[in-house]
Every structure is written in C-alpha cells, then in structure tokens.
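> Got a structure here, written out as structure tokens. Questions coming.
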Amino acid sequence: MSSCNGNCSSCGSDCADRTAESLLAKLNPKSRVKKVIAVVSGKGGVGKSTVTSMLAVAMSRRGRRVGVLDADITGPSAPTAFGVTECRMADQDGLYPALTEGGIQVMSINLLLDNNTDPVVWRGPVIAGAVKQFWTDVIWEDVDYLFVDMPPGTGDVPLTVFQSLPVDGIIIVTSPQDLVSMIVTKAVKMANMMKIPVLGFVENYSYLSCPDCGKRIEVFGKSHLDDIAAQFGLPVLARLPIDPRVAESYDAGKMEQISTEDMEPVLDRIEMV
C-alpha cells in the first residue's frame, strides 16, 4: 500500500507484503551468545540433563566458552551437576549466572530459591515466562555455545524456547525402550513444525558393560533407534552406556571431572552449525 510505513505489527491490513511479527525475545544488551543448542527429549527419565552437562563439559574442554540454561523449571538439576548454589551477583543491567570451577556459566531457577528443595508450583505461562527471562534478564558473558536443558515433552516451555530463543539446532536424547519410537517421532515433528534443524540423536542407557568380561548387555532390549534415524535421515551421534560413575559424579556436583570422550562426534556435528 502507498501509505505503508513498514511496521506490520501496528497494521490491520491483509496485504501481500505483510510479514509475520517475530516472537524472538531480545537478548540482554550486556550478553553475547553465538550459538544456542537445545537438548530435548520426548519423555522424562532418559538422562537428558546428564547429556546436557556432558556436552557442556566436553565443549568447554575444546576451549569454547559455554553456558547452560536450565529450562526445566519444575525439575531443575543443572546446579546439582556442577556443584553451584547461587548466582554470582545482580546489578541494574541484569543477573549474572553461577560460574563453575571450569568456567561454565549456569542459570537455573534453583539458584534463586531460598531452599533448593522448595517446589516451583506455577502454571504453564508463568513457567514459560521465567525461561524467557533467563534469556532477556541474565547476562551471558561471551558465550560461544549456550546449551538449553529442556523439560520433556512438547508443552509450554519447549514452545516458548523454540519461539523466543534463536535456537540453532536440537539434539534429541533417547533411550532404547520400545516406546521411544513414538516419542522420538513426536519430538522430531515438533522441531520440523518450528523449522529448527535436528542435528541428531544421542542414545542414553544404551548398554551396560559387564565389569568382569566387558560384554555389552542391552538392559532395555535391542535398540530400534537406527530405524527411526534412517526414517528421518538423521544421524545417531552417540550411544552412552549405563555408568554408575556418571550418576555419582552428577549427584556430587563433579560432572567436570568425568570422561566425555563419547561426546566428541556430537560436538563435531554441533560445530558444523
């Protein structure tokens, strides 16, 4: 139209040149974040938070500056994994995330509670708003890769993250159980709907190595992930064993001390983005 001022958000006309208003939230002016990688799972209990922390540690060991945004508001666990208990400080510019011994920046609702065992009893929109504030109000200092630890499923928070944050890619964490084929398909389809690339799969609890003979035991049965991956033309980037040492390190806040060798193919794929 001849009278168009280019601002579609304030215009009620339905013209051919109309563009959709962006839902992306503005990053805190003091923040610098180069890439955002979301770690998702279709269901709970597959070790998504463990995989997120391992990815963060492994990427930090490559010399990258790394952040972890814990978007699982009702089940936050990132502070436990890294042994941090509070944010560094807050000023008029925003909130500074906790800093681990290895220099990983961590933001989680548990860093803001008086007691980390206090439940967060909020409705969906409030929870989603809190996650958005972790992007707009937190000062992420020169982060090369920000890993977003997502809650399971396809509800309010995943939708908010995918619409509000400039997510560059998604890693889907699965387990070998039969139910996974349906759940993984839902996760991939949601990513496709939001037009965010799925970088690949990480299968957790893939096997248990016998401590005596070294034989691989498929505790949850034979995996069918290769078939699902082939269906969508996506790679299986890593298969992680059941390792009690990882669980012990997580609970003790010592994830920066574990081996992350299995994560190297995942990092290679992420760095291609």
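Labeling convention for the structure tokens: chains A, B, ... as they appear, residues from 1 per chain, ligands from 1 in order of appearance.
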Go through segment 20-267 of chain A and collect every residue that DSSP, computed from the backbone, puts in strand (DSSP E); the answer should be as a PyMOL selection string.

chain A and resi 33-40+66-70+89-91+94-96+98-99+105-107+143-149+169-174+198-203+208-209+216-217+236-239

> Between segment 37-118 of chain A and segment 205-220 of chain A, at 12 Å or less, what are the per-residue closest atom pairs and their distances in Å? Count only C-alpha atoms, order by chain and rising residue number, and return it as CSV.


residue,atom,partner,partner_atom,distance
A:Gly45,CA,A:Tyr205,CA,10.3
A:Val46,CA,A:Tyr205,CA,7.6
A:Gly47,CA,A:Tyr205,CA,8.1
A:Lys48,CA,A:Tyr205,CA,10.9
A:Thr50,CA,A:Tyr205,CA,11.1
A:Val51,CA,A:Tyr205,CA,10.9

> When distances are computed from only C-alpha atoms, which of A:Arg269, A:Arg61, A:Lys132, A:Arg239 shows the smallest separation from Val173 of chain A?

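Comparing A:Arg269, A:Arg61, A:Lys132, A:Arg239 against Val173 of chain A, the winner is A:Arg239.
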
> Mind pulling up the distance from atom CA of Ser164 of chain A to atom CA of Val198 of chain A?

17.5 Å

> Mind the document's chain letters and residue numbers, and return as a VMD selection string the residues of segment 4-193 of chain A that DSSP labels helix (DSSP H, G or I).

chain A and resid 8 to 10 48 to 61 78 to 82 109 to 111 124 to 136 156 to 164 180 to 193

> Compile the contact shell of Gly153 of chain A as a VMD selection string: residues with an atom at most 10 Å away, counting only C-alpha atoms, same-chain residues fewer than 4 positions apart removed.

chain A and resid 40 to 44 157 to 159 183 to 184 186 to 187 190

> How close does each residue of segment 136-193 of chain A get to segment 82-105 of chain A, giving the shortest atom pair and distance in Å to one decimal for every residue with an atom at most 7 Å away, counting only C-alpha atoms, sorted by chain and residue number, as a Markdown table?


| residue | atom | partner | partner_atom | distance |
| --- | --- | --- | --- | --- |
| A:Asp137 | CA | A:Gly94 | CA | 5.2 |
| A:Val138 | CA | A:Leu95 | CA | 4.6 |
| A:Ile139 | CA | A:Tyr96 | CA | 5.2 |

> Counting only C-alpha atoms, figure out which residue out of A:Ser49, A:Ser60, A:Asn110, A:Asn115 gets nearest to Thr174 of chain A.

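Between A:Ser49, A:Ser60, A:Asn110, A:Asn115, the residue approaching Thr174 of chain A most closely is A:Ser49.
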
> Find the distance between atom CA of Phe232 of chain A and atom CA of Ile170 of chain A and write it in Å to one decimal.

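Distance between the two atoms: 14.0 Å.
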
> Give the answer as one residue: which of A:Leu23, A:Leu146, A:Pro176, A:Val121 has the shortest atom-to-atom distance to Ala56 of chain A, using only C-alpha atoms?

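Ranking A:Leu23, A:Leu146, A:Pro176, A:Val121 by distance to Ala56 of chain A, first place goes to A:Leu146.
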
> Using only C-alpha atoms, which residues sit within 9 Å of Ala130 of chain A once same-chain residues fewer than 6 positions away are excluded, as a VMD selection string?

chain A and resid 71 73 109

> Next, dump the selected residues to file, keeping only N, CA and C atoms, as a compact mmCIF listing (two decimals), in the first residue's frame.


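Ended up saving to selection_22.txt:
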# COMPACT_ATOMS: atom_id res chain seq x y z
N ALA A 71 16.17 -24.93 31.52
CA ALA A 71 14.79 -24.55 31.23
C ALA A 71 13.76 -25.47 31.88
N ILE A 73 12.03 -25.85 34.71
CA ILE A 73 11.75 -25.04 35.90
C ILE A 73 11.23 -25.89 37.06
N ILE A 109 16.51 -22.02 37.96
CA ILE A 109 15.61 -21.49 38.98
C ILE A 109 16.07 -21.88 40.38

> Rounded to one decimal, what separation in Å do you get between atom CA of Trp135 of chain A and atom CA of Met54 of chain A?

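Separation between atom CA of Trp135 of chain A and atom CA of Met54 of chain A: 21.7 Å.
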
> Would you please work out which residue, of A:Val188, A:Leu267, A:Leu113, A:Val120, is nearest to Gly75 of chain A when using only C-alpha atoms?

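For Gly75 of chain A, the nearest of the given residues is A:Val120.
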
> When you look at Phe134 of chain A with a cut-off of 12 Å (counting only C-alpha atoms), what residues show up, excluding the ones that are within fewer than 6 positions of it in the same chain? I need them as a ChimeraX atom specification.

/A:25-28,31,67-73,94-97,106-109,111-112,127-128,140,146,148,160-161,164-165

> Determine the nearest neighbour of Ala229 of chain A from the options A:Thr185, A:Thr260, A:Asn204, A:Ser249, counting only C-alpha atoms.

A:Thr185

> Just want the 7 Å neighbourhood of Met263 of chain A, counted on only C-alpha atoms, with same-chain residues fewer than 2 positions away dropped. Output as a ChimeraX atom specification.

/A:55,58,238,260-261,265-267

> Mind writing the picked residues with N, CA and C atoms as a compact mmCIF listing (two decimals), in the first residue's frame?


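Dumped to out33.txt:
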# COMPACT_ATOMS: atom_id res chain seq x y z
N LEU A 55 27.74 -32.52 27.47
CA LEU A 55 28.03 -31.71 26.28
C LEU A 55 28.71 -30.40 26.67
N ALA A 58 32.30 -31.16 27.73
CA ALA A 58 33.12 -31.55 26.58
C ALA A 58 33.44 -30.34 25.70
N ALA A 238 25.78 -40.60 19.18
CA ALA A 238 26.46 -41.24 20.31
C ALA A 238 25.53 -42.25 20.97
N THR A 260 34.46 -37.42 28.79
CA THR A 260 33.46 -37.01 27.82
C THR A 260 33.84 -37.44 26.40
N GLU A 261 34.67 -38.46 26.32
CA GLU A 261 35.16 -38.92 25.02
C GLU A 261 34.02 -39.30 24.08
N PRO A 265 31.82 -37.00 18.72
CA PRO A 265 31.05 -36.91 17.48
C PRO A 265 29.89 -35.92 17.56
N VAL A 266 29.31 -35.79 18.74
CA VAL A 266 28.21 -34.84 18.92
C VAL A 266 28.74 -33.41 18.78
N LEU A 267 29.89 -33.14 19.40
CA LEU A 267 30.48 -31.81 19.30
C LEU A 267 30.87 -31.48 17.86
